[in-house]
>>> print(open('target.pdb').read())   # PDB, C-alpha atoms, pLDDT in the B column
ATOM      1  CA  MET A 193      97.208 159.295 181.403  1.00 78.00           C
ATOM      2  CA  SER A 194     100.276 160.580 179.633  1.00 95.00           C
ATOM      3  CA  ARG A 195     103.394 158.459 179.449  1.00 98.00           C
ATOM      4  CA  ILE A 196     107.002 159.542 179.678  1.00 98.00           C
ATOM      5  CA  CYS A 197     109.657 157.474 177.938  1.00 98.00           C
ATOM      6  CA  VAL A 198     112.834 157.435 180.003  1.00 98.00           C
ATOM      7  CA  PHE A 199     116.141 156.692 178.293  1.00 98.00           C
ATOM      8  CA  CYS A 200     118.813 155.678 180.801  1.00 97.00           C
ATOM      9  CA  GLY A 201     121.751 153.434 181.496  1.00 92.00           C
ATOM     10  CA  SER A 202     121.925 149.730 182.268  1.00 92.00           C
ATOM     11  CA  LYS A 203     124.450 150.717 184.956  1.00 95.00           C
ATOM     12  CA  VAL A 204     124.072 153.202 187.813  1.00 96.00           C
ATOM     13  CA  GLY A 205     127.396 154.979 187.279  1.00 96.00           C
ATOM     14  CA  THR A 206     129.915 156.077 189.861  1.00 97.00           C
ATOM     15  CA  ASN A 207     128.050 158.994 191.433  1.00 98.00           C
ATOM     16  CA  PRO A 208     125.276 157.964 193.873  1.00 97.00           C
ATOM     17  CA  ARG A 209     123.327 161.053 192.772  1.00 98.00           C
ATOM     18  CA  TYR A 210     122.525 159.332 189.457  1.00 98.00           C
ATOM     19  CA  GLU A 211     120.567 156.475 191.027  1.00 97.00           C
ATOM     20  CA  ARG A 212     118.965 158.927 193.468  1.00 98.00           C
ATOM     21  CA  ALA A 213     117.787 160.957 190.459  1.00 98.00           C
ATOM     22  CA  ALA A 214     116.208 157.822 188.955  1.00 98.00           C
ATOM     23  CA  PHE A 215     114.191 157.343 192.158  1.00 98.00           C
ATOM     24  CA  ASP A 216     113.289 161.036 192.298  1.00 98.00           C
ATOM     25  CA  LEU A 217     112.183 161.024 188.659  1.00 98.00           C
ATOM     26  CA  ALA A 218     110.040 157.952 189.324  1.00 98.00           C
ATOM     27  CA  ASP A 219     108.436 159.712 192.304  1.00 98.00           C
ATOM     28  CA  ALA A 220     107.754 162.809 190.195  1.00 98.00           C
ATOM     29  CA  LEU A 221     106.201 160.695 187.429  1.00 98.00           C
ATOM     30  CA  VAL A 222     103.802 158.981 189.821  1.00 98.00           C
ATOM     31  CA  GLU A 223     102.943 162.209 191.660  1.00 98.00           C
ATOM     32  CA  ARG A 224     102.010 163.870 188.342  1.00 97.00           C
ATOM     33  CA  GLY A 225     100.023 160.873 187.120  1.00 97.00           C
ATOM     34  CA  HIS A 226     102.415 159.899 184.318  1.00 98.00           C
ATOM     35  CA  GLY A 227     103.085 156.348 183.214  1.00 98.00           C
ATOM     36  CA  LEU A 228     106.612 155.133 182.475  1.00 98.00           C
ATOM     37  CA  VAL A 229     107.846 153.660 179.201  1.00 98.00           C
ATOM     38  CA  PHE A 230     111.394 152.287 179.460  1.00 97.00           C
ATOM     39  CA  GLY A 231     113.839 149.817 177.938  1.00 95.00           C
ATOM     40  CA  GLY A 232     112.530 146.800 179.853  1.00 94.00           C
ATOM     41  CA  GLY A 233     115.677 145.856 181.789  1.00 92.00           C
ATOM     42  CA  SER A 234     115.952 145.115 185.496  1.00 93.00           C
ATOM     43  CA  VAL A 235     119.466 146.470 185.935  1.00 93.00           C
ATOM     44  CA  GLY A 236     121.102 149.858 186.414  1.00 95.00           C
ATOM     45  CA  MET A 237     119.192 153.097 186.040  1.00 97.00           C
ATOM     46  CA  MET A 238     116.483 151.257 184.085  1.00 95.00           C
ATOM     47  CA  GLY A 239     115.787 148.920 186.953  1.00 96.00           C
ATOM     48  CA  ALA A 240     115.910 151.723 189.525  1.00 97.00           C
ATOM     49  CA  VAL A 241     113.323 153.934 187.824  1.00 98.00           C
ATOM     50  CA  ALA A 242     111.008 151.008 186.995  1.00 98.00           C
ATOM     51  CA  ASP A 243     111.225 149.499 190.496  1.00 97.00           C
ATOM     52  CA  ARG A 244     110.322 152.802 192.101  1.00 98.00           C
ATOM     53  CA  VAL A 245     107.346 153.491 189.802  1.00 98.00           C
ATOM     54  CA  LEU A 246     106.090 149.954 190.465  1.00 98.00           C
ATOM     55  CA  GLU A 247     106.549 150.386 194.248  1.00 98.00           C
ATOM     56  CA  ARG A 248     104.492 153.585 194.058  1.00 98.00           C
ATOM     57  CA  GLY A 249     101.689 151.875 192.082  1.00 97.00           C
ATOM     58  CA  GLY A 250     102.344 153.627 188.780  1.00 98.00           C
ATOM     59  CA  GLU A 251     101.955 152.323 185.247  1.00 98.00           C
ATOM     60  CA  VAL A 252     105.100 150.798 183.714  1.00 98.00           C
ATOM     61  CA  ILE A 253     105.576 149.519 180.169  1.00 98.00           C
ATOM     62  CA  GLY A 254     108.853 147.852 179.260  1.00 97.00           C
ATOM     63  CA  VAL A 255     110.006 147.394 175.665  1.00 97.00           C
ATOM     64  CA  ILE A 256     112.944 145.075 175.037  1.00 95.00           C
ATOM     65  CA  PRO A 257     114.308 143.128 172.063  1.00 93.00           C
ATOM     66  CA  LYS A 258     114.446 139.336 172.325  1.00 91.00           C
ATOM     67  CA  SER A 259     118.242 139.302 172.256  1.00 88.00           C
ATOM     68  CA  LEU A 260     118.514 141.675 175.230  1.00 86.00           C
ATOM     69  CA  ALA A 261     115.681 140.008 177.128  1.00 84.00           C
ATOM     70  CA  ARG A 262     117.983 137.033 177.546  1.00 76.00           C
ATOM     71  CA  ARG A 263     121.232 138.961 178.095  1.00 67.00           C
ATOM     72  CA  GLU A 264     120.104 142.167 179.853  1.00 56.00           C
ATOM     73  CA  LEU A 265     117.876 140.576 182.464  1.00 81.00           C
ATOM     74  CA  LEU A 266     114.340 141.405 181.432  1.00 89.00           C
ATOM     75  CA  HIS A 267     112.482 143.030 184.324  1.00 91.00           C
ATOM     76  CA  ALA A 268     110.182 140.190 185.421  1.00 88.00           C
ATOM     77  CA  GLY A 269     108.233 142.495 187.759  1.00 92.00           C
ATOM     78  CA  VAL A 270     106.824 144.654 184.971  1.00 95.00           C
ATOM     79  CA  PRO A 271     103.318 143.412 184.127  1.00 94.00           C
ATOM     80  CA  ASP A 272     103.320 145.001 180.646  1.00 96.00           C
ATOM     81  CA  THR A 273     106.538 144.051 178.867  1.00 95.00           C
ATOM     82  CA  ARG A 274     106.618 144.082 175.078  1.00 96.00           C
ATOM     83  CA  VAL A 275     109.294 141.849 173.567  1.00 95.00           C
ATOM     84  CA  VAL A 276     110.193 142.960 170.046  1.00 96.00           C
ATOM     85  CA  GLY A 277     112.485 141.665 167.319  1.00 94.00           C
ATOM     86  CA  SER A 278     115.111 144.405 167.144  1.00 94.00           C
ATOM     87  CA  MET A 279     116.513 147.584 168.640  1.00 93.00           C
ATOM     88  CA  HIS A 280     114.840 149.534 165.832  1.00 94.00           C
ATOM     89  CA  GLU A 281     111.452 148.063 166.733  1.00 96.00           C
ATOM     90  CA  ARG A 282     112.132 148.828 170.399  1.00 96.00           C
ATOM     91  CA  LYS A 283     112.784 152.519 169.763  1.00 96.00           C
ATOM     92  CA  ALA A 284     109.831 152.859 167.375  1.00 96.00           C
ATOM     93  CA  LEU A 285     107.423 151.277 169.863  1.00 98.00           C
ATOM     94  CA  MET A 286     108.767 153.313 172.782  1.00 98.00           C
ATOM     95  CA  ALA A 287     108.275 156.481 170.711  1.00 97.00           C
ATOM     96  CA  GLU A 288     104.755 155.437 169.766  1.00 97.00           C
ATOM     97  CA  LEU A 289     103.764 154.696 173.378  1.00 98.00           C
ATOM     98  CA  ALA A 290     105.228 157.900 174.849  1.00 98.00           C
ATOM     99  CA  ASP A 291     103.915 161.460 175.005  1.00 97.00           C
ATOM    100  CA  GLU A 292     107.249 162.959 176.119  1.00 98.00           C
ATOM    101  CA  PHE A 293     110.846 161.817 176.583  1.00 98.00           C
ATOM    102  CA  VAL A 294     113.452 162.255 179.323  1.00 98.00           C
ATOM    103  CA  ALA A 295     117.074 161.102 179.277  1.00 98.00           C
ATOM    104  CA  LEU A 296     118.791 160.248 182.544  1.00 98.00           C
ATOM    105  CA  PRO A 297     122.546 159.643 182.722  1.00 98.00           C
ATOM    106  CA  GLY A 298     123.657 156.674 180.656  1.00 97.00           C
ATOM    107  CA  GLY A 299     126.142 155.579 178.034  1.00 97.00           C
ATOM    108  CA  TYR A 300     126.203 155.103 174.276  1.00 97.00           C
ATOM    109  CA  GLY A 301     122.739 153.528 174.133  1.00 94.00           C
ATOM    110  CA  THR A 302     121.196 156.422 176.044  1.00 97.00           C
ATOM    111  CA  PHE A 303     122.947 158.963 173.821  1.00 97.00           C
ATOM    112  CA  GLU A 304     121.809 157.125 170.699  1.00 97.00           C
ATOM    113  CA  GLU A 305     118.175 156.913 171.838  1.00 97.00           C
ATOM    114  CA  PHE A 306     118.165 160.555 172.884  1.00 98.00           C
ATOM    115  CA  PHE A 307     119.671 161.829 169.642  1.00 97.00           C
ATOM    116  CA  GLU A 308     117.461 159.647 167.486  1.00 97.00           C
ATOM    117  CA  ILE A 309     114.295 160.982 169.111  1.00 97.00           C
ATOM    118  CA  VAL A 310     115.589 164.579 168.787  1.00 97.00           C
ATOM    119  CA  THR A 311     116.433 163.900 165.140  1.00 95.00           C
ATOM    120  CA  TRP A 312     112.918 162.561 164.544  1.00 94.00           C
ATOM    121  CA  ALA A 313     111.571 165.824 165.995  1.00 94.00           C
ATOM    122  CA  GLN A 314     113.921 167.828 163.772  1.00 92.00           C
ATOM    123  CA  LEU A 315     112.614 165.908 160.745  1.00 90.00           C
ATOM    124  CA  GLY A 316     109.007 166.535 161.759  1.00 89.00           C
ATOM    125  CA  LEU A 317     108.227 162.879 162.544  1.00 91.00           C
ATOM    126  CA  HIS A 318     106.831 163.873 165.959  1.00 93.00           C
ATOM    127  CA  ASP A 319     106.167 167.023 167.951  1.00 93.00           C
ATOM    128  CA  LYS A 320     106.710 165.602 171.437  1.00 96.00           C
ATOM    129  CA  SER A 321     108.874 167.309 174.061  1.00 96.00           C
ATOM    130  CA  VAL A 322     112.334 165.925 174.841  1.00 98.00           C
ATOM    131  CA  GLY A 323     114.232 166.608 178.072  1.00 98.00           C
ATOM    132  CA  LEU A 324     117.644 165.990 179.587  1.00 98.00           C
ATOM    133  CA  LEU A 325     117.761 165.473 183.351  1.00 98.00           C
ATOM    134  CA  ASN A 326     121.200 166.996 183.917  1.00 98.00           C
ATOM    135  CA  VAL A 327     122.082 165.279 187.185  1.00 98.00           C
ATOM    136  CA  ALA A 328     125.252 166.649 188.815  1.00 98.00           C
ATOM    137  CA  GLY A 329     126.222 168.291 185.515  1.00 98.00           C
ATOM    138  CA  TYR A 330     126.414 164.921 183.733  1.00 98.00           C
ATOM    139  CA  PHE A 331     125.060 166.322 180.473  1.00 98.00           C
ATOM    140  CA  ASP A 332     126.998 169.627 180.564  1.00 98.00           C
ATOM    141  CA  PRO A 333     129.434 168.457 177.841  1.00 98.00           C
ATOM    142  CA  LEU A 334     126.534 167.234 175.694  1.00 97.00           C
ATOM    143  CA  VAL A 335     124.687 170.543 176.032  1.00 98.00           C
ATOM    144  CA  ARG A 336     127.902 172.361 175.104  1.00 98.00           C
ATOM    145  CA  LEU A 337     128.230 170.111 172.042  1.00 98.00           C
ATOM    146  CA  ILE A 338     124.666 170.932 170.954  1.00 97.00           C
ATOM    147  CA  ASP A 339     125.335 174.649 171.397  1.00 97.00           C
ATOM    148  CA  HIS A 340     128.649 174.317 169.546  1.00 98.00           C
ATOM    149  CA  SER A 341     126.933 172.558 166.631  1.00 97.00           C
ATOM    150  CA  ILE A 342     124.542 175.530 166.392  1.00 96.00           C
ATOM    151  CA  GLU A 343     127.442 178.019 166.511  1.00 97.00           C
ATOM    152  CA  GLU A 344     129.210 176.080 163.757  1.00 97.00           C
ATOM    153  CA  GLY A 345     126.119 176.030 161.526  1.00 96.00           C
ATOM    154  CA  PHE A 346     125.257 172.324 161.659  1.00 96.00           C
ATOM    155  CA  VAL A 347     122.032 172.711 163.656  1.00 94.00           C
ATOM    156  CA  ALA A 348     119.508 175.478 163.031  1.00 92.00           C
ATOM    157  CA  PRO A 349     119.247 177.875 166.000  1.00 93.00           C
ATOM    158  CA  GLN A 350     115.479 177.281 166.343  1.00 92.00           C
ATOM    159  CA  HIS A 351     116.160 173.556 166.793  1.00 93.00           C
ATOM    160  CA  ARG A 352     117.935 174.250 170.105  1.00 94.00           C
ATOM    161  CA  ASN A 353     114.412 174.447 171.508  1.00 94.00           C
ATOM    162  CA  LEU A 354     113.831 170.794 170.658  1.00 96.00           C
ATOM    163  CA  VAL A 355     115.678 169.932 173.902  1.00 97.00           C
ATOM    164  CA  VAL A 356     114.653 171.070 177.388  1.00 97.00           C
ATOM    165  CA  VAL A 357     117.358 170.806 180.059  1.00 98.00           C
ATOM    166  CA  GLY A 358     116.650 170.634 183.790  1.00 98.00           C
ATOM    167  CA  GLU A 359     118.528 169.680 186.927  1.00 98.00           C
ATOM    168  CA  GLU A 360     115.614 168.432 189.052  1.00 97.00           C
ATOM    169  CA  PRO A 361     112.964 165.898 188.001  1.00 98.00           C
ATOM    170  CA  GLY A 362     109.813 167.742 189.084  1.00 97.00           C
ATOM    171  CA  PRO A 363     110.678 171.093 187.509  1.00 97.00           C
ATOM    172  CA  LEU A 364     111.867 169.320 184.333  1.00 98.00           C
ATOM    173  CA  LEU A 365     108.566 167.432 184.000  1.00 97.00           C
ATOM    174  CA  ASP A 366     106.663 170.679 184.606  1.00 96.00           C
ATOM    175  CA  ALA A 367     108.758 172.437 181.938  1.00 96.00           C
ATOM    176  CA  LEU A 368     108.089 169.612 179.464  1.00 96.00           C
ATOM    177  CA  ALA A 369     104.344 169.800 180.158  1.00 93.00           C
ATOM    178  CA  GLY A 370     104.349 173.491 179.221  1.00 92.00           C
ATOM    179  CA  HIS A 371     106.843 173.152 176.374  1.00 91.00           C
ATOM    180  CA  HIS A 372     105.834 173.537 172.759  1.00 87.00           C
ATOM    181  CA  PRO A 373     108.579 172.383 170.404  1.00 84.00           C
ATOM    182  CA  PRO A 374     109.161 174.752 167.502  1.00 80.00           C
ATOM    183  CA  PRO A 375     107.085 173.929 164.432  1.00 78.00           C
ATOM    184  CA  VAL A 376     109.151 171.916 161.994  1.00 76.00           C
ATOM    185  CA  GLU A 377     108.377 171.233 158.370  1.00 70.00           C
ATOM    186  CA  LYS A 378     107.942 167.483 157.941  1.00 62.00           C
ATOM    187  CA  TRP A 379     110.851 166.111 155.884  1.00 59.00           C
ATOM    188  CA  LEU A 380     109.825 162.465 155.958  1.00 55.00           C
ATOM    189  CA  GLU A 381     106.769 160.337 156.537  1.00 59.00           C
ATOM    190  CA  PRO A 382     107.135 157.961 159.528  1.00 59.00           C
ATOM    191  CA  GLU A 383     107.405 154.904 157.258  1.00 63.00           C
ATOM    192  CA  GLU A 384     110.412 156.521 155.533  1.00 59.00           C
ATOM    193  CA  SER A 385     112.476 156.871 158.732  1.00 52.00           C
TER     194      SER A 385
END
>>> encode(input="target.pdb", output="structure tokens")
Amino acid sequence: MSRICVFCGSKVGTNPRYERAAFDLADALVERGHGLVFGGGSVGMMGAVADRVLERGGEVIGVIPKSLARRELLHAGVPDTRVVGSMHERKALMAELADEFVALPGGYGTFEEFFEIVTWAQLGLHDKSVGLLNVAGYFDPLVRLIDHSIEEGFVAPQHRNLVVVGEEPGPLLDALAGHHPPPVEKWLEPEES
């Protein structure tokens, strides 16, 4: 079984389409036989996607640092929750457990997780596919920023293909399954990151 790591917010946002997309992504994961790796919280988009995968009988692995387990309401319904010492350990373990990555709408934490995993791909630390579920155009400004950074010479044009963008969960997961990130020369060994 492959696992998809989902980066998403600890809030549901103002547009009801965001939470709906979390449920739809969860349904698409279960229907395609994918397990879920997520940030371990019971609130917001995190809670919505995890609850739905659990309701549908899918595999769910939560990864949460001790400090957030107390403050962010650890999802008690997840049978496989890994409590780690730090945010860095959380991201490293989530990356290790996952075969692909999808970002749903979220805030600074979601952006940071998304960009770190893309950066790791750019540095050759992994060759896993990374997707943005662009619900209701939420990520349009971010996609424009990525394209602008390429136009301005800060990101190599071939690295644009490190990110797959889709508007619907099922087609995005299908695109990720058939996606082959561009080969990247390894800059660092994983222990150096």
>>> closest_residue(input="target.pdb", among="A:Gly299, A:Gly231, A:Gly323, A:Gly345", to="Glu360 (chain A)", atoms="all atoms listed in the file")
A:Gly323
>>> closest_residue(input="target.pdb", among="A:His280, A:Arg244, A:His372, A:His267", to="Val322 (chain A)", atoms="only C-alpha atoms")
A:His372
>>> resolve_selection(input="target.pdb", expression="the PyMOL selection byres ((chain A and resi 235) around 10)", output="ChimeraX atom specification")
/A:201-204,232-234,236-243,264-267
>>> resolve_selection(input="target.pdb", expression="the PyMOL selection byres ((chain A and resi 194) around 8)", output="NGL selection string")
:A and (193 or 195-196 or 225-227 or 290-291)
>>> atom_distance(input="target.pdb", atom1="CA of Asp319 (chain A)", atom2="CA of Ile342 (chain A)")
20.3 Å
>>> closest_residue(input="target.pdb", among="A:Asp272, A:Glu223, A:Glu247, A:Glu304", to="Gly362 (chain A)", atoms="only C-alpha atoms")
A:Glu223
>>> atom_distance(input="target.pdb", atom1="CA of Leu368 (chain A)", atom2="CA of Ala287 (chain A)")
15.8 Å
